[in-house]
>>> print(open('my_file_27.cif').read())   # mmCIF, C-alpha atoms
data_target
loop_
_atom_site.label_atom_id
_atom_site.label_comp_id
_atom_site.auth_asym_id
_atom_site.auth_seq_id
_atom_site.Cartn_x
_atom_site.Cartn_y
_atom_site.Cartn_z
CA MET J 1 0.00 0.00 0.00
CA THR J 2 1.32 3.45 -0.85
CA ASP J 3 1.60 6.14 1.78
CA ASP J 4 -1.36 7.96 0.25
CA GLU J 5 -3.45 4.81 0.49
CA LEU J 6 -2.29 4.31 4.05
CA ARG J 7 -3.28 7.85 4.91
CA GLU J 8 -6.79 7.14 3.63
CA GLN J 9 -6.89 4.10 5.87
CA LEU J 10 -5.85 6.28 8.82
CA ALA J 11 -8.81 8.59 8.27
CA LEU J 12 -11.18 5.64 8.07
CA ALA J 13 -9.66 4.16 11.22
CA ALA J 14 -10.05 7.45 13.05
CA VAL J 15 -13.83 7.43 12.49
CA GLY J 16 -14.26 3.70 13.02
CA ALA J 17 -15.15 2.94 9.41
CA LEU J 18 -12.63 0.11 8.99
CA PRO J 19 -13.75 -3.47 9.48
CA ASP J 20 -11.75 -5.46 12.07
CA GLN J 21 -9.57 -7.25 9.55
CA GLU J 22 -8.32 -3.98 8.05
CA VAL J 23 -7.81 -2.47 11.50
CA SER J 24 -5.53 -5.32 12.40
CA GLU J 25 -3.57 -4.98 9.16
CA LEU J 26 -3.19 -1.27 9.80
CA ASP J 27 -1.97 -1.93 13.35
CA ASP J 28 0.79 -4.10 11.93
CA VAL J 29 1.94 -1.25 9.70
CA LEU J 30 1.70 1.38 12.44
CA ARG J 31 4.00 -0.54 14.73
CA ALA J 32 6.81 0.27 12.31
CA ARG J 33 5.60 3.73 11.31
CA PRO J 34 5.50 6.15 14.24
CA ASP J 35 4.93 9.01 11.81
CA LEU J 36 1.66 7.44 10.68
CA GLN J 37 0.70 6.60 14.25
CA ALA J 38 1.15 10.27 15.14
CA GLU J 39 -1.06 11.24 12.22
CA LEU J 40 -3.73 8.76 13.35
CA ASP J 41 -3.64 10.32 16.81
CA GLU J 42 -4.27 13.75 15.31
CA LEU J 43 -7.11 12.46 13.17
CA ARG J 44 -8.69 10.89 16.23
CA ALA J 45 -8.57 14.27 17.96
CA ALA J 46 -10.40 15.72 14.96
CA ALA J 47 -12.96 12.89 15.06
CA ALA J 48 -13.60 13.68 18.72
CA VAL J 49 -15.30 16.86 17.50
CA LEU J 50 -18.13 14.65 16.24
CA ALA J 51 -18.47 13.31 19.78
CA ASP J 52 -18.45 16.77 21.37
CA ALA J 53 -21.25 17.81 19.04
CA VAL J 54 -23.66 15.29 20.57
CA GLY J 55 -22.79 15.59 24.26
CA GLU J 56 -25.67 14.67 26.55
CA ALA J 57 -25.99 14.38 30.33
CA PRO J 58 -26.21 10.73 31.41
CA PRO J 59 -28.81 9.60 33.96
CA PRO J 60 -27.58 10.68 37.44
CA ALA J 61 -27.81 7.16 38.82
CA LEU J 62 -25.22 5.96 36.31
CA ARG J 63 -22.55 7.84 38.22
CA LEU J 64 -23.31 5.88 41.35
CA SER J 65 -23.28 2.61 39.45
CA VAL J 66 -19.89 3.35 37.90
CA LEU J 67 -18.35 4.41 41.22
CA GLY J 68 -19.68 1.27 42.85
CA VAL J 69 -18.15 -1.01 40.25
CA ILE J 70 -14.73 0.63 40.14
CA ALA J 71 -14.55 0.45 43.92
CA ARG J 72 -14.08 -3.28 43.43
CA THR J 73 -12.12 -3.29 40.18
CA PRO J 74 -8.32 -3.69 40.17
CA GLN J 75 -6.28 -1.32 38.06
CA LEU J 76 -3.72 -2.45 35.50
CA PRO J 77 -0.09 -1.52 36.19
CA ALA J 78 1.70 0.91 33.89
CA ASP J 79 4.08 -1.78 32.64
CA ASP J 80 2.69 -3.30 29.52
CA THR J 81 4.36 -6.25 27.88
CA ALA J 82 1.59 -6.47 25.32
CA THR J 83 1.95 -4.86 21.91
CA ALA J 84 0.26 -1.68 20.76
CA ALA J 85 -2.77 -3.71 19.76
CA GLU J 86 -6.08 -3.56 21.59
CA PRO J 87 -5.80 -4.02 25.36
CA PRO J 88 -7.22 -7.33 26.58
CA GLU J 89 -10.93 -7.27 27.36
CA PRO J 90 -11.43 -6.69 31.07
CA PRO J 91 -13.70 -9.11 32.94
CA VAL J 92 -17.18 -7.73 32.43
CA ALA J 93 -18.50 -6.18 35.61
CA PRO J 94 -22.25 -6.70 35.62
CA VAL J 95 -24.02 -3.44 34.99
CA VAL J 96 -26.75 -1.86 37.02
CA PRO J 97 -29.63 -1.29 34.56
CA ILE J 98 -30.61 2.20 35.61
CA THR J 99 -33.67 2.47 33.42
CA ALA J 100 -34.73 -1.03 34.36
CA ARG J 101 -35.72 -1.90 30.85
CA ARG J 102 -33.36 -4.82 30.42
CA ARG J 103 -32.35 -7.87 32.35
CA ARG J 104 -31.88 -7.48 36.05
CA THR J 105 -28.21 -7.86 36.95
CA HIS J 106 -26.38 -7.70 40.22
CA TRP J 107 -23.04 -6.41 41.26
CA ILE J 108 -20.68 -9.21 42.13
CA ALA J 109 -18.23 -8.63 44.92
CA ILE J 110 -14.98 -9.27 43.06
CA SER J 111 -12.28 -10.56 45.40
CA ALA J 112 -11.25 -7.66 47.60
CA ALA J 113 -7.67 -8.82 47.90
CA ALA J 114 -6.32 -6.62 45.14
CA ALA J 115 -9.16 -4.14 44.90
CA ALA J 116 -9.52 -0.88 46.75
CA VAL J 117 -10.69 -1.37 50.29
CA VAL J 118 -14.19 -0.16 51.01
CA ALA J 119 -13.99 1.52 54.38
CA ILE J 120 -16.54 0.41 56.94
CA VAL J 121 -17.77 3.30 58.99
CA VAL J 122 -16.88 2.69 62.60
CA GLY J 123 -20.10 2.31 64.49
CA ALA J 124 -22.27 1.52 61.48
CA LEU J 125 -25.73 1.50 62.90
CA ILE J 126 -28.16 -1.35 62.79
CA LEU J 127 -31.48 0.39 63.01
CA ALA J 128 -34.55 -1.33 64.34
CA PRO J 129 -37.81 -0.83 62.47
CA TRP J 130 -40.03 1.76 64.02
CA SER J 131 -42.48 -0.09 66.14
CA GLY J 132 -42.19 1.00 69.70
CA SER J 133 -42.54 4.17 71.68
CA GLU J 134 -38.91 4.03 72.82
CA THR J 135 -37.88 5.67 69.56
CA HIS J 136 -41.07 7.65 68.96
CA ASP J 137 -39.91 10.64 70.99
CA GLU J 138 -36.57 10.76 69.24
CA VAL J 139 -38.20 10.60 65.83
CA ALA J 140 -40.59 13.37 66.80
CA ALA J 141 -37.72 15.49 68.14
CA VAL J 142 -36.09 15.46 64.71
CA LEU J 143 -39.28 15.92 62.69
CA GLU J 144 -40.42 18.82 64.81
CA ALA J 145 -37.04 20.51 65.21
CA ASP J 146 -36.85 24.16 64.18
CA ASP J 147 -33.90 23.44 61.95
CA ALA J 148 -35.36 20.31 60.36
CA GLN J 149 -34.43 20.02 56.67
CA THR J 150 -35.90 17.50 54.25
CA ILE J 151 -33.93 15.80 51.47
CA GLU J 152 -35.50 13.65 48.80
CA MET J 153 -34.19 10.21 47.91
CA PRO J 154 -35.81 9.63 44.52
CA GLU J 155 -36.32 6.21 42.98
CA THR J 156 -33.78 5.23 40.35
CA GLY J 157 -36.30 3.34 38.24
CA GLU J 158 -35.15 -0.08 39.43
CA PRO J 159 -38.00 -2.50 40.13
CA ASN J 160 -38.78 -2.36 43.86
CA SER J 161 -37.40 1.14 44.32
CA LEU J 162 -38.88 2.71 47.42
CA PRO J 163 -41.50 5.36 46.67
CA GLY J 164 -41.52 8.65 48.53
CA VAL J 165 -38.37 8.29 50.68
CA THR J 166 -37.14 11.36 52.46
CA ILE J 167 -34.44 12.10 54.98
CA VAL J 168 -35.32 14.71 57.59
CA HIS J 169 -32.19 16.05 59.26
CA SER J 170 -31.80 18.23 62.32
CA ALA J 171 -28.33 19.52 63.07
CA ALA J 172 -29.45 20.52 66.56
CA GLN J 173 -30.58 16.95 67.25
CA GLU J 174 -27.47 15.55 65.50
CA ALA J 175 -29.72 12.97 63.91
CA ALA J 176 -31.94 12.28 60.95
CA VAL J 177 -35.10 10.31 60.26
CA LEU J 178 -35.53 8.20 57.15
CA GLN J 179 -39.21 8.13 56.20
CA ALA J 180 -41.56 6.54 53.71
CA ASP J 181 -45.14 5.34 53.86
CA ASP J 182 -45.44 2.39 51.59
CA VAL J 183 -42.26 0.61 50.63
CA PRO J 184 -41.89 -2.99 49.51
CA VAL J 185 -41.33 -5.26 52.52
CA PRO J 186 -38.24 -7.39 51.86
CA GLU J 187 -38.14 -11.14 52.44
CA ALA J 188 -37.50 -12.11 56.05
CA ASP J 189 -33.79 -12.73 55.43
CA ARG J 190 -33.14 -9.44 53.59
CA VAL J 191 -32.71 -5.85 54.72
CA TYR J 192 -32.38 -2.43 53.18
CA GLU J 193 -28.97 -0.87 53.52
CA LEU J 194 -28.11 2.83 53.51
CA TRP J 195 -24.80 3.86 51.91
CA ALA J 196 -22.79 7.06 52.25
CA ILE J 197 -20.81 7.86 49.12
CA ARG J 198 -17.48 9.43 50.08
CA ASP J 199 -14.55 10.00 47.74
CA GLY J 200 -16.50 8.14 45.13
CA THR J 201 -16.83 4.99 47.24
CA PRO J 202 -20.01 3.60 48.84
CA GLU J 203 -19.48 3.17 52.59
CA ARG J 204 -21.94 1.19 54.65
CA PHE J 205 -23.92 3.33 57.04
CA ALA J 206 -26.92 1.44 58.36
CA THR J 207 -29.40 -1.35 57.70
CA PHE J 208 -33.13 -1.15 58.29
CA ARG J 209 -36.49 -2.71 57.52
CA PRO J 210 -39.99 -1.24 57.25
CA ASP J 211 -42.77 -2.49 59.48
CA ASP J 212 -45.21 -5.06 58.10
CA THR J 213 -47.36 -2.41 56.49
CA GLY J 214 -44.42 -1.00 54.55
CA ARG J 215 -44.02 2.03 56.75
CA LEU J 216 -40.54 3.42 57.41
CA SER J 217 -39.73 5.86 60.15
CA VAL J 218 -36.19 5.17 61.14
CA TYR J 219 -34.17 7.21 63.58
CA ALA J 220 -30.49 7.52 62.62
CA ALA J 221 -28.26 9.15 65.21
CA GLY J 222 -25.31 10.92 63.68
CA LEU J 223 -26.59 10.93 60.11
CA ASP J 224 -25.52 14.26 58.62
CA PRO J 225 -26.45 14.42 54.92
CA ALA J 226 -23.67 16.94 54.24
CA SER J 227 -21.06 14.45 55.42
CA ALA J 228 -21.20 12.50 52.15
CA GLU J 229 -21.38 13.33 48.45
CA GLN J 230 -24.50 11.23 48.05
CA TRP J 231 -26.68 8.72 49.90
CA ALA J 232 -28.09 5.52 48.41
CA ILE J 233 -30.24 2.53 49.31
CA THR J 234 -29.91 -1.08 48.16
CA GLU J 235 -31.41 -4.35 49.34
CA GLU J 236 -28.90 -6.74 50.90
CA PRO J 237 -28.80 -10.07 52.72
CA GLY J 238 -29.96 -9.75 56.33
CA PRO J 239 -29.56 -9.25 59.11
CA ASN J 240 -26.30 -7.32 58.79
CA GLY J 241 -26.20 -6.23 55.16
CA SER J 242 -23.02 -6.26 53.06
CA ASP J 243 -19.66 -4.51 53.07
CA ALA J 244 -20.24 -3.24 49.57
CA PRO J 245 -23.42 -3.03 47.47
CA THR J 246 -24.36 -6.34 45.86
CA THR J 247 -27.61 -5.27 44.22
CA PRO J 248 -28.68 -2.31 42.08
CA ILE J 249 -29.26 1.07 43.69
CA LEU J 250 -32.95 1.57 44.47
CA ASN J 251 -32.92 5.17 45.65
CA ALA J 252 -30.32 7.92 45.75
CA THR J 253 -30.07 11.56 46.73
CA ALA J 254 -29.02 14.05 44.08
CA THR J 255 -25.28 14.73 43.90
CA MET Y 1 -10.95 25.51 40.49
CA ASP Y 2 -11.40 22.44 38.35
CA PRO Y 3 -8.30 20.29 37.97
CA ASP Y 4 -7.71 19.46 34.33
CA PRO Y 5 -8.41 15.91 33.08
CA THR Y 6 -4.69 15.12 32.81
CA THR Y 7 -4.16 15.83 36.50
CA LEU Y 8 -7.31 13.93 37.43
CA LEU Y 9 -6.26 10.91 35.39
CA ALA Y 10 -2.79 10.88 36.93
CA ALA Y 11 -4.38 10.83 40.38
CA THR Y 12 -6.80 8.14 39.20
CA ALA Y 13 -3.84 6.02 38.09
CA ALA Y 14 -2.63 6.22 41.69
CA GLY Y 15 -5.98 4.84 42.86
CA ASP Y 16 -7.63 8.13 43.90
CA HIS Y 17 -11.39 7.54 43.77
CA ALA Y 18 -12.34 11.16 44.28
CA SER Y 19 -10.28 12.23 41.28
CA PHE Y 20 -11.86 9.50 39.20
CA ALA Y 21 -15.29 10.75 40.26
CA SER Y 22 -14.35 14.27 39.11
CA LEU Y 23 -12.99 12.86 35.88
CA TYR Y 24 -16.30 11.06 35.38
CA ASP Y 25 -18.16 14.34 35.88
CA SER Y 26 -15.96 16.02 33.30
CA LEU Y 27 -16.07 13.31 30.63
CA ALA Y 28 -19.43 11.59 31.12
CA PRO Y 29 -21.56 13.88 28.96
CA THR Y 30 -19.28 13.46 25.95
CA VAL Y 31 -18.82 9.73 26.47
CA TYR Y 32 -22.51 9.06 27.06
CA GLY Y 33 -23.47 11.40 24.24
CA VAL Y 34 -21.42 9.62 21.60
CA VAL Y 35 -22.35 6.16 22.86
CA ARG Y 36 -26.02 7.09 22.92
CA ARG Y 37 -25.85 8.57 19.45
CA VAL Y 38 -24.35 5.38 18.04
CA LEU Y 39 -26.43 2.87 19.99
CA ARG Y 40 -29.72 4.80 20.15
CA ASP Y 41 -31.11 2.59 22.92
CA PRO Y 42 -30.61 4.35 26.30
CA ALA Y 43 -30.27 1.14 28.30
CA GLN Y 44 -27.50 -0.16 26.06
CA ALA Y 45 -25.91 3.28 26.09
CA GLU Y 46 -25.77 3.17 29.89
CA GLU Y 47 -24.21 -0.28 29.87
CA VAL Y 48 -21.54 0.66 27.36
CA THR Y 49 -20.84 3.99 29.08
CA GLN Y 50 -20.22 2.10 32.28
CA GLU Y 51 -17.88 -0.32 30.45
CA VAL Y 52 -15.97 2.67 29.06
CA PHE Y 53 -15.44 4.21 32.49
CA VAL Y 54 -14.41 0.89 33.98
CA GLU Y 55 -11.84 0.63 31.19
CA ILE Y 56 -10.65 4.19 31.87
CA TRP Y 57 -10.23 3.26 35.55
CA ARG Y 58 -8.38 0.05 34.74
CA GLN Y 59 -6.14 1.54 32.06
CA ALA Y 60 -5.44 4.88 33.77
CA ALA Y 61 -1.75 4.14 34.34
CA ARG Y 62 -1.31 3.24 30.66
CA TYR Y 63 -2.54 6.51 29.20
CA ASP Y 64 0.26 8.09 27.15
CA PRO Y 65 0.02 11.89 26.98
CA ALA Y 66 2.22 11.95 23.87
CA ARG Y 67 -0.60 10.27 21.96
CA GLY Y 68 -3.23 12.93 22.64
CA SER Y 69 -5.46 14.50 25.25
CA VAL Y 70 -7.27 12.54 27.95
CA ARG Y 71 -10.53 13.57 26.38
CA THR Y 72 -9.57 12.21 22.96
CA TRP Y 73 -8.41 8.98 24.60
CA ALA Y 74 -11.71 8.56 26.41
CA VAL Y 75 -13.77 9.40 23.31
CA THR Y 76 -11.76 6.95 21.20
CA ILE Y 77 -12.42 4.16 23.71
CA ALA Y 78 -16.10 5.07 23.86
CA HIS Y 79 -16.62 5.26 20.14
CA ARG Y 80 -14.81 1.98 19.50
CA ARG Y 81 -16.89 0.13 22.09
CA ALA Y 82 -20.12 1.58 20.78
CA VAL Y 83 -19.32 0.64 17.19
CA ASP Y 84 -18.26 -2.87 18.25
CA ARG Y 85 -21.61 -3.28 19.99
CA VAL Y 86 -23.52 -1.99 16.99
CA ARG Y 87 -21.69 -4.30 14.62
CA SER Y 88 -22.37 -7.34 16.76
CA GLU Y 89 -26.04 -6.38 16.82
CA GLN Y 90 -25.93 -5.86 13.09
CA SER Y 91 -25.07 -9.48 12.46
CA ARG Y 92 -28.45 -10.35 13.85
CA ARG Y 93 -30.66 -8.16 11.79
CA ASP Y 94 -30.69 -6.26 8.57
CA ARG Y 95 -29.55 -2.86 9.63
CA GLN Y 96 -29.25 -1.40 6.15
CA GLN Y 97 -32.97 -0.93 6.03
CA ALA Y 98 -32.94 0.84 9.36
CA VAL Y 99 -30.08 3.09 8.26
CA ALA Y 100 -31.80 4.00 5.02
CA ALA Y 101 -34.82 5.16 6.99
CA GLU Y 102 -32.89 7.34 9.42
CA ALA Y 103 -32.11 10.97 8.85
CA VAL Y 104 -28.43 11.69 8.50
CA ASP Y 105 -28.47 14.62 10.90
CA PRO Y 106 -28.25 13.78 14.61
CA PRO Y 107 -31.71 13.84 16.18
CA ALA Y 108 -32.45 16.92 18.26
CA THR Y 109 -31.59 16.34 21.90
CA PRO Y 110 -34.19 17.55 24.38
CA GLU Y 111 -32.95 20.81 25.89
CA ASP Y 112 -32.98 19.36 29.39
CA ASP Y 113 -30.44 16.74 28.42
CA ALA Y 114 -28.26 18.71 26.06
CA ILE Y 115 -24.94 19.95 27.32
CA ASP Y 116 -24.78 23.59 26.38
CA THR Y 117 -21.05 23.89 26.74
CA ASP Y 118 -18.50 25.74 24.75
CA ASP Y 119 -17.18 22.41 23.48
CA ARG Y 120 -20.53 21.40 22.09
CA ARG Y 121 -21.16 24.77 20.47
CA ARG Y 122 -17.69 24.89 18.96
CA ALA Y 123 -18.05 21.34 17.70
CA ARG Y 124 -21.38 22.03 16.03
CA ALA Y 125 -20.01 25.22 14.49
CA ALA Y 126 -17.01 23.31 13.14
CA MET Y 127 -19.23 20.65 11.60
CA ALA Y 128 -21.35 23.31 9.99
CA THR Y 129 -18.32 24.53 8.06
CA LEU Y 130 -17.93 21.18 6.30
CA PRO Y 131 -19.18 20.70 2.77
CA ALA Y 132 -22.37 18.63 2.92
CA ALA Y 133 -20.87 15.60 1.20
CA GLN Y 134 -17.99 15.39 3.67
CA ARG Y 135 -20.24 15.93 6.65
CA GLU Y 136 -22.63 13.24 5.44
CA ALA Y 137 -19.86 10.68 4.97
CA LEU Y 138 -18.38 11.47 8.39
CA GLU Y 139 -21.74 11.15 10.10
CA LEU Y 140 -22.55 7.85 8.43
CA ALA Y 141 -19.22 6.49 9.61
CA TYR Y 142 -19.05 8.03 13.07
CA TYR Y 143 -22.66 8.07 14.21
CA HIS Y 144 -23.94 5.02 12.36
CA GLY Y 145 -20.88 2.80 12.66
CA LEU Y 146 -20.95 1.90 8.98
CA THR Y 147 -17.83 0.59 7.24
CA HIS Y 148 -16.48 2.31 4.16
CA VAL Y 149 -18.07 -0.31 1.91
CA GLN Y 150 -21.46 0.16 3.57
CA ILE Y 151 -21.22 3.92 3.19
CA ALA Y 152 -20.36 3.57 -0.49
CA ASP Y 153 -23.42 1.33 -0.93
CA ARG Y 154 -25.66 3.68 1.01
CA LEU Y 155 -24.60 6.75 -0.97
CA ASP Y 156 -24.20 4.86 -4.23
CA VAL Y 157 -20.72 6.28 -4.84
CA ALA Y 158 -17.31 4.75 -5.43
CA LEU Y 159 -15.31 3.52 -2.46
CA GLY Y 160 -12.51 5.95 -3.29
CA THR Y 161 -14.98 8.83 -3.11
CA VAL Y 162 -16.00 7.81 0.38
CA LYS Y 163 -12.41 7.61 1.52
CA THR Y 164 -11.58 11.02 0.09
CA ARG Y 165 -14.63 12.68 1.65
CA ILE Y 166 -13.88 11.24 5.06
CA ARG Y 167 -10.22 12.14 4.94
CA ASP Y 168 -10.84 15.67 3.63
CA GLY Y 169 -13.59 16.23 6.19
CA LEU Y 170 -11.38 15.15 9.06
CA ILE Y 171 -8.49 17.29 7.88
CA ARG Y 172 -10.79 20.27 7.72
CA LEU Y 173 -12.02 19.56 11.27
CA ARG Y 174 -8.44 19.19 12.41
CA SER Y 175 -7.41 22.55 11.02
CA ASN Y 176 -10.55 24.05 12.53
CA LEU Y 177 -9.47 22.67 15.91
CA GLY Y 178 -6.03 24.15 15.50
CA ALA Y 179 -7.48 27.55 14.65
CA SER Y 180 -9.74 27.71 17.69
CA SER Y 181 -7.44 26.17 20.32
#
>>> encode(input="my_file_27.cif", output="structure tokens")
Amino acid sequence: MTDDELREQLALAAVGALPDQEVSELDDVLRARPDLQAELDELRAAAAVLADAVGEAPPPALRLSVLGVIARTPQLPADDTATAAEPPEPPVAPVVPITARRRRTHWIAISAAAAAVVAIVVGALILAPWSGSETHDEVAAVLEADDAQTIEMPETGEPNSLPGVTIVHSAAQEAAVLQADDVPVPEADRVYELWAIRDGTPERFATFRPDDTGRLSVYAAGLDPASAEQWAITEEPGPNGSDAPTTPILNATAT
Amino acid sequence: MDPDPTTLLAATAAGDHASFASLYDSLAPTVYGVVRRVLRDPAQAEEVTQEVFVEIWRQAARYDPARGSVRTWAVTIAHRRAVDRVRSEQSRRDRQQAVAAEAVDPPATPEDDAIDTDDRRRARAAMATLPAAQREALELAYYHGLTHVQIADRLDVALGTVKTRIRDGLIRLRSNLGASS
């Protein structure tokens, strides 16, 4: 192939218009032609203009899903004994289907040995479902506080998201109440778990269950919404929940 | 002050989750936008966008600044994955019919979802300077994931014509980039 013909191939490669076979032939040539590789890099920068032209905000819950997966994904070292060809396919981390239109998948806890450690908040609370008067006064103290502020935790669109969840926080009471009227009641051996997202990593905060009618009114001492980038709820195995989310996010505060 | 993507990626390569989260915020609209444009289906677009960011996380230490900007690197990964997905779907159904029925111009994005950034405006302005034939060939390749042969069939022109239009269009975009940077 002449250099002119090669240059045409570079342009096609830059916009993804080459079939795989031709890409691989081109890769072979580029290994020996750094000048052409440099030109391909420039053409790719030009092609990126076509991407910029169609920029669109992704669904907010996708951010949470991505951060959850990478929290358990090892990074590759800089040393690369492979050639300049395509990097090997990473193991596919199951994806949280945010719009819930496709198959239901679950996060798998990849071995934590090499992955980033998910910090467990010291004193993670196990919250009892609201049922007795012993917590009624505390709940009321937060709800009726002068400085009470309400934060929404909207559904992400996952099946079994909890409708109408809010967090009412009182700085004066140094506590918050998680509330909802009619949430799905999990199986007896499952719980809901509340996560605090800090530095991009979900940290376990508390587990809880609604009462039998689906009512939630859970007192959480020390829950300060401003202490994390975002708050999220998943369903986890009971009674103690999980160290890292193993199911799709059901509800999340805005970032 | 926003750290630039190069700084954020370097910190990401050292395992810094907060920097990766900021990098996500910076790149996600472009990555999701191009993936969505190629795949059309929002659920698939979300899946592939997630795969792209997992790859960025995994490969962070292997990014070579001499090869181009972080943004170009991320967009290249995203576009390649989206086209791969489209082509594997294509083997299962006759996509030519679907392509023939689609308008060549990108569909209007609802205002709520559009990113009204300088990048997007500049990009659209740059594309508007292209002769129609070049723009059409570039869009069929980039947004529809068609190969050069498929584009030639679609437009009923010679393969060489397709190659020339794509190359000339990209060169014009490249010089446009140089002028505005």
>>> residues_near_point(input="my_file_27.cif", point="(-12.3, 15.0, 3.1)", cutoff="9 Å", atoms="all atoms listed in the file", output="tab-separated table (two decimals) with C-alpha atoms, in the frame of the given file")
chain	number	residue	atom	x	y	z
J	11	ALA	CA	-8.81	8.59	8.27
Y	130	LEU	CA	-17.93	21.18	6.30
Y	131	PRO	CA	-19.18	20.70	2.77
Y	133	ALA	CA	-20.87	15.60	1.20
Y	134	GLN	CA	-17.99	15.39	3.67
Y	135	ARG	CA	-20.24	15.93	6.65
Y	137	ALA	CA	-19.86	10.68	4.97
Y	138	LEU	CA	-18.38	11.47	8.39
Y	162	VAL	CA	-16.00	7.81	0.38
Y	163	LYS	CA	-12.41	7.61	1.52
Y	164	THR	CA	-11.58	11.02	0.09
Y	165	ARG	CA	-14.63	12.68	1.65
Y	166	ILE	CA	-13.88	11.24	5.06
Y	167	ARG	CA	-10.22	12.14	4.94
Y	168	ASP	CA	-10.84	15.67	3.63
Y	169	GLY	CA	-13.59	16.23	6.19
Y	170	LEU	CA	-11.38	15.15	9.06
Y	171	ILE	CA	-8.49	17.29	7.88
Y	172	ARG	CA	-10.79	20.27	7.72
>>> closest_atom_pairs(input="my_file_27.cif", of="chain J", to="chain Y", cutoff="7 Å", atoms="only C-alpha atoms", output="JSON lines")
{"residue": "J:Glu8", "atom": "CA", "partner": "Y:Lys163", "partner_atom": "CA", "distance": 6.0}
{"residue": "J:Ala11", "atom": "CA", "partner": "Y:Arg167", "partner_atom": "CA", "distance": 5.1}
{"residue": "J:Leu12", "atom": "CA", "partner": "Y:Ile166", "partner_atom": "CA", "distance": 6.9}
{"residue": "J:Val15", "atom": "CA", "partner": "Y:Tyr142", "partner_atom": "CA", "distance": 5.3}
{"residue": "J:Gly16", "atom": "CA", "partner": "Y:Tyr142", "partner_atom": "CA", "distance": 6.5}
{"residue": "J:Ala17", "atom": "CA", "partner": "Y:Thr147", "partner_atom": "CA", "distance": 4.2}
{"residue": "J:Leu18", "atom": "CA", "partner": "Y:Thr147", "partner_atom": "CA", "distance": 5.5}
{"residue": "J:Pro19", "atom": "CA", "partner": "Y:Thr147", "partner_atom": "CA", "distance": 6.2}
{"residue": "J:Asp41", "atom": "CA", "partner": "Y:Arg67", "partner_atom": "CA", "distance": 6.0}
{"residue": "J:Leu43", "atom": "CA", "partner": "Y:Leu170", "partner_atom": "CA", "distance": 6.5}
{"residue": "J:Arg44", "atom": "CA", "partner": "Y:Thr72", "partner_atom": "CA", "distance": 6.9}
{"residue": "J:Ala45", "atom": "CA", "partner": "Y:Thr72", "partner_atom": "CA", "distance": 5.5}
{"residue": "J:Ala46", "atom": "CA", "partner": "Y:Arg174", "partner_atom": "CA", "distance": 4.7}
{"residue": "J:Ala47", "atom": "CA", "partner": "Y:Leu170", "partner_atom": "CA", "distance": 6.6}
{"residue": "J:Ala48", "atom": "CA", "partner": "Y:Thr72", "partner_atom": "CA", "distance": 6.0}
{"residue": "J:Val49", "atom": "CA", "partner": "Y:Ala123", "partner_atom": "CA", "distance": 5.3}
{"residue": "J:Leu50", "atom": "CA", "partner": "Y:Ala123", "partner_atom": "CA", "distance": 6.8}
{"residue": "J:Ala51", "atom": "CA", "partner": "Y:Val34", "partner_atom": "CA", "distance": 5.1}
{"residue": "J:Asp52", "atom": "CA", "partner": "Y:Arg120", "partner_atom": "CA", "distance": 5.1}
{"residue": "J:Ala53", "atom": "CA", "partner": "Y:Arg120", "partner_atom": "CA", "distance": 4.8}
{"residue": "J:Val54", "atom": "CA", "partner": "Y:Gly33", "partner_atom": "CA", "distance": 5.4}
{"residue": "J:Gly55", "atom": "CA", "partner": "Y:Gly33", "partner_atom": "CA", "distance": 4.2}
{"residue": "J:Glu56", "atom": "CA", "partner": "Y:Gly33", "partner_atom": "CA", "distance": 4.6}
{"residue": "J:Ala57", "atom": "CA", "partner": "Y:Pro29", "partner_atom": "CA", "distance": 4.7}
{"residue": "J:Pro58", "atom": "CA", "partner": "Y:Tyr32", "partner_atom": "CA", "distance": 5.9}
{"residue": "J:Val66", "atom": "CA", "partner": "Y:Gln50", "partner_atom": "CA", "distance": 5.8}
{"residue": "J:Ile70", "atom": "CA", "partner": "Y:Val54", "partner_atom": "CA", "distance": 6.2}
{"residue": "J:Pro74", "atom": "CA", "partner": "Y:Arg58", "partner_atom": "CA", "distance": 6.6}
{"residue": "J:Gln75", "atom": "CA", "partner": "Y:Arg58", "partner_atom": "CA", "distance": 4.2}
{"residue": "J:Leu76", "atom": "CA", "partner": "Y:Arg58", "partner_atom": "CA", "distance": 5.3}
{"residue": "J:Pro77", "atom": "CA", "partner": "Y:Ala61", "partner_atom": "CA", "distance": 6.2}
{"residue": "J:Ala78", "atom": "CA", "partner": "Y:Ala61", "partner_atom": "CA", "distance": 4.7}
{"residue": "J:Val95", "atom": "CA", "partner": "Y:Glu47", "partner_atom": "CA", "distance": 6.0}
{"residue": "J:Pro97", "atom": "CA", "partner": "Y:Ala43", "partner_atom": "CA", "distance": 6.7}
{"residue": "J:Thr99", "atom": "CA", "partner": "Y:Ala43", "partner_atom": "CA", "distance": 6.3}
{"residue": "J:Arg101", "atom": "CA", "partner": "Y:Ala43", "partner_atom": "CA", "distance": 6.7}
{"residue": "J:Asp199", "atom": "CA", "partner": "Y:Ala18", "partner_atom": "CA", "distance": 4.3}
{"residue": "J:Gly200", "atom": "CA", "partner": "Y:Ala18", "partner_atom": "CA", "distance": 5.2}
{"residue": "J:Thr201", "atom": "CA", "partner": "Y:His17", "partner_atom": "CA", "distance": 6.9}
>>> axis_aligned_box(input="my_file_27.cif", around="region 141-150 of chain J", padding_each_side="4 Å", output="JSON")
{"center_x": -37.2, "center_y": 19.8, "center_z": 61.2, "size_x": 14.5, "size_y": 16.7, "size_z": 21.9}
>>> atom_distance(input="my_file_27.cif", atom1="CA of Val168 (chain J)", atom2="CA of Val142 (chain J)")
7.2 Å
